Amino acid sequence: AALRNQIAAGEVVERPSSVVKELVENSIDAGSSQVDVTVERGGQGLLAVRDNGFGISSDELNLAVTRHATSKISDVEDLSAITSFGFRGEALPSIASVSRFKMGSCTADAQEGWFINVEGGEVVDEGPTVMPAGTSVEVKDLFYNVPARLKFLKTESTEARRCNQVLFKISLANLETGFSFISNGREQFRLPPNQTLPDRLAVFWPRNICESLLTFSHEAGEMKVSGCAGIPSLAQGRGDRILMFVNGRPVQDKLLLSAIRGAYKGRLISREYPQAVIFLELPPDLVDVNVHPAKMEVRFQDERSIYSIIHNGISQALSRYEL
Ligand code: ADP
Ligand code: MG
């Protein structure tokens, strides 16, 4: 079981920021209105996520962190199944198999919470604990038992910055949730719940850019694109700032990027760059988000209509302003 989890970990957990992504997405799935993230030494020393969501009951907690405890790798086919299917339900066991892991949770109706300690995939301790409603995860000594992984990490400050960026992006897609990020004891940002997108962006992006954002929303059939786009003549920066989300998840995708760039084509003069945050929403069967969840890649069924909805949505916002 520990081996299988470590193999899955190779896919899900590439670096501290992947742990932040998985844990914070769980917190959001749990309906949290506040999520606090702490890292020390770029997340290699400590990486902690605390939320006020609905929690997980004591009997489910053990299962959630040792999911594959009963399954064994019997042949090569099993191995390829791990790498080719979605990794749903594998994040916690994966993280716990490559760290010293502690998770405590308390549901709203419970008298007390329950904690579990896992080291390198083996449960070493569990029991009742007193804590507020919600869930708290502490990941210490990430990759302590996978030295090959450690070698691929960048400097602590680079890894901390990646954690910061991952949380920033997730926060943009979850405006009703409050977030904080502390690195080496210093608060890097604190975002109150129920902010607007431009207000939240202003914490990270230069003010002149945030003041020049056009908010837009555009629908075509079952699809919808919304977000903010920078006014070309005001959107001068050091380069483009483009963030893309599909069904609420941050993605990196060439098709979306080229549709955004296409909408700005002919509208920019030198030293102007596109600035945009777009949220694409479409029925789940029209997009495959499990191509590689850790790498934020997606694959669309109908690329032409995706291109045109994004291109049209942004073009229309920009030309409304130009009128
Ligand atoms: P997945 O999110 O794909 O179900 P995970 O390994 O990330 O798989 O989490 C396993 C399960 O543990 C979740 O389905 C959920 O029931 C529970 N869980 C994890 N994190 C939290 C959390 N912060 N609050 C409540 N439940 C959680
Ligand atoms: Mg998860």
# chains A, B, ... in the order shown; residues from 1 in each chain; ligands from 1
>>> select_by_dssp(residues="range 68-260 of chain A", states="strand (DSSP E)", output="ChimeraX atom specification")
/A:100-106,113-119,122-129,134-140,178-183,186-191,213-220,223-230,241-246,249-251
>>> residues_around(residues="Gln252 in chain A", least_positions_apart="3", cutoff="12 Å", atoms="only C-alpha atoms", output="ChimeraX atom specification")
/A:169,242-246,249,255-258,278,289,291-299
>>> residues_around(residues="Asn145 in chain A", least_positions_apart="6", cutoff="10 Å", atoms="only C-alpha atoms", output="list in words")
Gln6, Ser97, Val98, Ser99, Arg100, Glu119 and Gly120 of chain A
>>> write_last_selection(atoms="N, CA and C atoms", output="compact mmCIF listing (two decimals), in the first residue's frame")
# COMPACT_ATOMS: atom_id res chain seq x y z
N GLN A 6 3.16 5.82 -2.89
CA GLN A 6 4.33 6.61 -3.27
C GLN A 6 4.40 6.79 -4.78
N SER A 97 2.15 9.61 2.07
CA SER A 97 3.15 8.57 1.85
C SER A 97 4.55 9.16 1.64
N VAL A 98 4.63 10.47 1.44
CA VAL A 98 5.95 11.08 1.20
C VAL A 98 6.25 12.20 2.20
N SER A 99 5.67 12.11 3.41
CA SER A 99 5.89 13.16 4.40
C SER A 99 5.58 12.63 5.79
N ARG A 100 5.79 13.47 6.78
CA ARG A 100 5.24 13.23 8.12
C ARG A 100 3.97 14.07 8.18
N GLU A 119 3.25 8.53 8.91
CA GLU A 119 4.65 8.78 8.51
C GLU A 119 5.02 7.87 7.36
N GLY A 120 5.36 8.47 6.24
CA GLY A 120 5.73 7.68 5.07
C GLY A 120 4.66 6.66 4.70
>>> closest_residue(among="A:Val12, A:Val130, A:Ala91, A:Val65", to="ligand 2", atoms="only C-alpha atoms and all ligand atoms")
A:Ala91
>>> closest_atom_pairs(of="chain A", to="ligand 2", cutoff="7 Å", atoms="only C-alpha atoms and all ligand atoms", output="Markdown table")
| residue | atom | partner | partner_atom_place_in_ligand_line | distance |
| --- | --- | --- | --- | --- |
| A:Glu22 | CA | ligand 2 | 1 (Mg) | 5.4 |
| A:Leu23 | CA | ligand 2 | 1 (Mg) | 6.6 |
| A:Glu25 | CA | ligand 2 | 1 (Mg) | 6.1 |
| A:Asn26 | CA | ligand 2 | 1 (Mg) | 4.7 |
| A:Arg88 | CA | ligand 2 | 1 (Mg) | 6.5 |
| A:Gly89 | CA | ligand 2 | 1 (Mg) | 6.2 |
| A:Ala91 | CA | ligand 2 | 1 (Mg) | 5.6 |
>>> write_last_selection(atoms="N, CA and C atoms", output="PDB file, in the first residue's frame")
ATOM      1  N   GLU A  22      -3.744  20.679  -3.740  1.00  0.00           N
ATOM      2  CA  GLU A  22      -4.636  19.578  -3.355  1.00  0.00           C
ATOM      3  C   GLU A  22      -5.350  19.868  -2.037  1.00  0.00           C
ATOM      4  N   LEU A  23      -4.597  20.359  -1.043  1.00  0.00           N
ATOM      5  CA  LEU A  23      -5.213  20.583   0.272  1.00  0.00           C
ATOM      6  C   LEU A  23      -6.227  21.720   0.223  1.00  0.00           C
ATOM      7  N   GLU A  25      -7.888  22.804  -2.415  1.00  0.00           N
ATOM      8  CA  GLU A  25      -9.080  22.376  -3.161  1.00  0.00           C
ATOM      9  C   GLU A  25      -9.996  21.529  -2.273  1.00  0.00           C
ATOM     10  N   ASN A  26      -9.402  20.686  -1.446  1.00  0.00           N
ATOM     11  CA  ASN A  26     -10.226  19.921  -0.494  1.00  0.00           C
ATOM     12  C   ASN A  26     -10.967  20.851   0.461  1.00  0.00           C
ATOM     13  N   ARG A  88      -8.398  11.065  -8.574  1.00  0.00           N
ATOM     14  CA  ARG A  88      -9.345  11.420  -7.519  1.00  0.00           C
ATOM     15  C   ARG A  88      -9.258  10.434  -6.371  1.00  0.00           C
ATOM     16  N   GLY A  89      -9.299  10.997  -5.176  1.00  0.00           N
ATOM     17  CA  GLY A  89      -9.215  10.158  -3.993  1.00  0.00           C
ATOM     18  C   GLY A  89      -7.809   9.692  -3.686  1.00  0.00           C
ATOM     19  N   ALA A  91      -5.086  12.072  -3.454  1.00  0.00           N
ATOM     20  CA  ALA A  91      -4.219  13.164  -3.019  1.00  0.00           C
ATOM     21  C   ALA A  91      -3.716  12.955  -1.590  1.00  0.00           C
TER      22      ALA A  91
END
>>> closest_atom_pairs(of="chain A", to="ligand 1", cutoff="10 Å", atoms="only C-alpha atoms and all ligand atoms", output="JSON lines")
{"residue": "A:Val19", "atom": "CA", "partner": "ligand 1", "partner_atom_place_in_ligand_line": "7 (O)", "distance": 9.8}
{"residue": "A:Lys21", "atom": "CA", "partner": "ligand 1", "partner_atom_place_in_ligand_line": "7 (O)", "distance": 9.8}
{"residue": "A:Glu22", "atom": "CA", "partner": "ligand 1", "partner_atom_place_in_ligand_line": "7 (O)", "distance": 6.0}
{"residue": "A:Leu23", "atom": "CA", "partner": "ligand 1", "partner_atom_place_in_ligand_line": "20 (N)", "distance": 6.4}
{"residue": "A:Val24", "atom": "CA", "partner": "ligand 1", "partner_atom_place_in_ligand_line": "23 (N)", "distance": 7.2}
{"residue": "A:Glu25", "atom": "CA", "partner": "ligand 1", "partner_atom_place_in_ligand_line": "2 (O)", "distance": 7.4}
{"residue": "A:Asn26", "atom": "CA", "partner": "ligand 1", "partner_atom_place_in_ligand_line": "20 (N)", "distance": 4.4}
{"residue": "A:Ser27", "atom": "CA", "partner": "ligand 1", "partner_atom_place_in_ligand_line": "23 (N)", "distance": 3.8}
{"residue": "A:Ile28", "atom": "CA", "partner": "ligand 1", "partner_atom_place_in_ligand_line": "23 (N)", "distance": 7.3}
{"residue": "A:Asp29", "atom": "CA", "partner": "ligand 1", "partner_atom_place_in_ligand_line": "24 (N)", "distance": 7.2}
{"residue": "A:Ala30", "atom": "CA", "partner": "ligand 1", "partner_atom_place_in_ligand_line": "24 (N)", "distance": 4.7}
{"residue": "A:Gly31", "atom": "CA", "partner": "ligand 1", "partner_atom_place_in_ligand_line": "24 (N)", "distance": 8.1}
{"residue": "A:Ser32", "atom": "CA", "partner": "ligand 1", "partner_atom_place_in_ligand_line": "24 (N)", "distance": 8.1}
{"residue": "A:Val35", "atom": "CA", "partner": "ligand 1", "partner_atom_place_in_ligand_line": "23 (N)", "distance": 9.2}
{"residue": "A:Val49", "atom": "CA", "partner": "ligand 1", "partner_atom_place_in_ligand_line": "23 (N)", "distance": 8.2}
{"residue": "A:Arg50", "atom": "CA", "partner": "ligand 1", "partner_atom_place_in_ligand_line": "23 (N)", "distance": 7.6}
{"residue": "A:Asp51", "atom": "CA", "partner": "ligand 1", "partner_atom_place_in_ligand_line": "23 (N)", "distance": 6.3}
{"residue": "A:Asn52", "atom": "CA", "partner": "ligand 1", "partner_atom_place_in_ligand_line": "24 (N)", "distance": 8.1}
{"residue": "A:Gly53", "atom": "CA", "partner": "ligand 1", "partner_atom_place_in_ligand_line": "24 (N)", "distance": 5.7}
{"residue": "A:Phe54", "atom": "CA", "partner": "ligand 1", "partner_atom_place_in_ligand_line": "25 (C)", "distance": 5.8}
{"residue": "A:Gly55", "atom": "CA", "partner": "ligand 1", "partner_atom_place_in_ligand_line": "25 (C)", "distance": 3.9}
{"residue": "A:Ile56", "atom": "CA", "partner": "ligand 1", "partner_atom_place_in_ligand_line": "26 (N)", "distance": 4.6}
{"residue": "A:Ser57", "atom": "CA", "partner": "ligand 1", "partner_atom_place_in_ligand_line": "26 (N)", "distance": 8.3}
{"residue": "A:Glu60", "atom": "CA", "partner": "ligand 1", "partner_atom_place_in_ligand_line": "16 (O)", "distance": 7.5}
{"residue": "A:Leu61", "atom": "CA", "partner": "ligand 1", "partner_atom_place_in_ligand_line": "12 (O)", "distance": 6.8}
{"residue": "A:Asn62", "atom": "CA", "partner": "ligand 1", "partner_atom_place_in_ligand_line": "12 (O)", "distance": 9.2}
{"residue": "A:Leu63", "atom": "CA", "partner": "ligand 1", "partner_atom_place_in_ligand_line": "12 (O)", "distance": 8.1}
{"residue": "A:Ala64", "atom": "CA", "partner": "ligand 1", "partner_atom_place_in_ligand_line": "12 (O)", "distance": 4.6}
{"residue": "A:Val65", "atom": "CA", "partner": "ligand 1", "partner_atom_place_in_ligand_line": "6 (O)", "distance": 6.7}
{"residue": "A:Thr66", "atom": "CA", "partner": "ligand 1", "partner_atom_place_in_ligand_line": "6 (O)", "distance": 8.9}
{"residue": "A:Arg67", "atom": "CA", "partner": "ligand 1", "partner_atom_place_in_ligand_line": "6 (O)", "distance": 7.9}
{"residue": "A:Gly86", "atom": "CA", "partner": "ligand 1", "partner_atom_place_in_ligand_line": "3 (O)", "distance": 8.9}
{"residue": "A:Phe87", "atom": "CA", "partner": "ligand 1", "partner_atom_place_in_ligand_line": "3 (O)", "distance": 6.9}
{"residue": "A:Arg88", "atom": "CA", "partner": "ligand 1", "partner_atom_place_in_ligand_line": "3 (O)", "distance": 3.6}
{"residue": "A:Gly89", "atom": "CA", "partner": "ligand 1", "partner_atom_place_in_ligand_line": "8 (O)", "distance": 3.2}
{"residue": "A:Glu90", "atom": "CA", "partner": "ligand 1", "partner_atom_place_in_ligand_line": "6 (O)", "distance": 4.5}
{"residue": "A:Ala91", "atom": "CA", "partner": "ligand 1", "partner_atom_place_in_ligand_line": "6 (O)", "distance": 3.8}
{"residue": "A:Leu92", "atom": "CA", "partner": "ligand 1", "partner_atom_place_in_ligand_line": "6 (O)", "distance": 3.8}
{"residue": "A:Pro93", "atom": "CA", "partner": "ligand 1", "partner_atom_place_in_ligand_line": "6 (O)", "distance": 6.1}
{"residue": "A:Ser94", "atom": "CA", "partner": "ligand 1", "partner_atom_place_in_ligand_line": "6 (O)", "distance": 7.7}
{"residue": "A:Ile95", "atom": "CA", "partner": "ligand 1", "partner_atom_place_in_ligand_line": "6 (O)", "distance": 8.6}
{"residue": "A:Ala96", "atom": "CA", "partner": "ligand 1", "partner_atom_place_in_ligand_line": "6 (O)", "distance": 9.7}
{"residue": "A:Met103", "atom": "CA", "partner": "ligand 1", "partner_atom_place_in_ligand_line": "20 (N)", "distance": 8.8}
{"residue": "A:Gly104", "atom": "CA", "partner": "ligand 1", "partner_atom_place_in_ligand_line": "23 (N)", "distance": 9.3}
{"residue": "A:Ser105", "atom": "CA", "partner": "ligand 1", "partner_atom_place_in_ligand_line": "24 (N)", "distance": 7.2}
{"residue": "A:Cys106", "atom": "CA", "partner": "ligand 1", "partner_atom_place_in_ligand_line": "25 (C)", "distance": 8.8}
{"residue": "A:Thr107", "atom": "CA", "partner": "ligand 1", "partner_atom_place_in_ligand_line": "25 (C)", "distance": 8.4}
{"residue": "A:Ala133", "atom": "CA", "partner": "ligand 1", "partner_atom_place_in_ligand_line": "24 (N)", "distance": 9.9}
{"residue": "A:Gly134", "atom": "CA", "partner": "ligand 1", "partner_atom_place_in_ligand_line": "24 (N)", "distance": 6.5}
{"residue": "A:Thr135", "atom": "CA", "partner": "ligand 1", "partner_atom_place_in_ligand_line": "23 (N)", "distance": 5.0}
{"residue": "A:Ser136", "atom": "CA", "partner": "ligand 1", "partner_atom_place_in_ligand_line": "23 (N)", "distance": 7.0}
{"residue": "A:Val137", "atom": "CA", "partner": "ligand 1", "partner_atom_place_in_ligand_line": "23 (N)", "distance": 7.7}
>>> closest_residue(among="A:Ala160, A:Leu201, A:Leu191, A:Met223", to="Asp36 in chain A", atoms="only C-alpha atoms")
A:Leu191
>>> select_by_dssp(residues="range 210-276 of chain A", states="alpha helix (DSSP H)", output="VMD selection string")
chain A and resid 210 to 211 254 to 264
>>> write_last_selection(atoms="C-alpha atoms", output="short mmCIF file (atom, residue, chain, number, x, y, z; two decimals), in the first residue's frame")
data_model
loop_
_atom_site.label_atom_id
_atom_site.label_comp_id
_atom_site.auth_asym_id
_atom_site.auth_seq_id
_atom_site.Cartn_x
_atom_site.Cartn_y
_atom_site.Cartn_z
CA CYS A 210 -6.40 46.73 -11.98
CA GLU A 211 -8.02 50.13 -12.50
CA LYS A 254 -2.46 27.16 -25.49
CA LEU A 255 -5.89 27.28 -27.11
CA LEU A 256 -7.33 29.63 -24.50
CA LEU A 257 -4.18 31.71 -24.58
CA SER A 258 -4.28 32.11 -28.35
CA ALA A 259 -7.97 33.08 -28.24
CA ILE A 260 -7.17 35.83 -25.72
CA ARG A 261 -4.16 37.04 -27.70
CA GLY A 262 -6.31 36.90 -30.85
CA ALA A 263 -8.90 39.23 -29.30
CA TYR A 264 -6.19 41.79 -28.52
#
>>> closest_residue(among="A:Asn117, A:Leu214, A:Val225, A:Glu176", to="Tyr307 in chain A", atoms="only C-alpha atoms")
A:Val225
>>> closest_residue(among="A:Pro206, A:Ser58, A:Tyr144, A:Glu138", to="Phe115 in chain A", atoms="only C-alpha atoms")
A:Ser58
>>> atom_distance(atom1="CA of Ala220 in chain A", atom2="CA of Gln275 in chain A")
22.7 Å
>>> closest_residue(among="A:Val166, A:Asp288, A:Gln301, A:Gly43", to="Lys154 in chain A", atoms="only C-alpha atoms")
A:Gly43
>>> residues_around(residues="Gly248 in chain A", least_positions_apart="3", cutoff="9 Å", atoms="only C-alpha atoms", output="JSON, numbers by chain")
{"A": [170, 173, 174, 245, 279, 280, 281]}
>>> residues_around(residues="Leu197 in chain A", least_positions_apart="5", cutoff="10 Å", atoms="only C-alpha atoms", output="PyMOL selection string")
chain A and resi 171-175+202+210+213+215+227-228+277
>>> write_last_selection(atoms="N, CA and C atoms", output="compact mmCIF listing (two decimals), in the first residue's frame")
# COMPACT_ATOMS: atom_id res chain seq x y z
N SER A 171 -7.60 31.48 -5.20
CA SER A 171 -8.42 32.50 -4.53
C SER A 171 -9.26 33.30 -5.52
N LEU A 172 -8.74 33.48 -6.73
CA LEU A 172 -9.49 34.26 -7.73
C LEU A 172 -10.76 33.55 -8.16
N ALA A 173 -10.73 32.23 -8.14
CA ALA A 173 -11.90 31.46 -8.56
C ALA A 173 -12.85 31.21 -7.40
N ASN A 174 -12.49 31.69 -6.21
CA ASN A 174 -13.31 31.43 -5.01
C ASN A 174 -13.42 32.70 -4.18
N LEU A 175 -14.08 33.71 -4.77
CA LEU A 175 -14.11 35.05 -4.18
C LEU A 175 -14.87 35.10 -2.87
N ALA A 202 -6.05 43.34 -7.17
CA ALA A 202 -5.25 44.52 -6.80
C ALA A 202 -4.24 44.21 -5.71
N CYS A 210 -5.11 47.13 -12.56
CA CYS A 210 -6.40 46.73 -11.98
C CYS A 210 -7.47 47.79 -12.19
N LEU A 213 -9.40 47.50 -15.76
CA LEU A 213 -9.99 46.22 -16.15
C LEU A 213 -11.46 46.36 -16.51
N THR A 215 -14.90 44.44 -16.93
CA THR A 215 -15.53 43.18 -16.53
C THR A 215 -16.48 42.73 -17.63
N GLY A 227 -15.10 37.33 -16.77
CA GLY A 227 -13.83 37.72 -16.17
C GLY A 227 -13.54 39.18 -16.38
N CYS A 228 -12.25 39.51 -16.43
CA CYS A 228 -11.78 40.88 -16.59
C CYS A 228 -10.76 40.93 -17.71
N VAL A 277 -8.15 37.96 -17.03
CA VAL A 277 -8.47 36.81 -16.18
C VAL A 277 -9.77 36.26 -16.73
>>> closest_residue(among="A:Gln34, A:Gln44, A:Asn208, A:Gln316", to="Ser183 in chain A", atoms="only C-alpha atoms")
A:Gln44
>>> atom_distance(atom1="CA of Leu286 in chain A", atom2="CA of Asp253 in chain A")
15.2 Å
>>> atom_distance(atom1="CA of Ser33 in chain A", atom2="CA of Arg186 in chain A")
22.1 Å
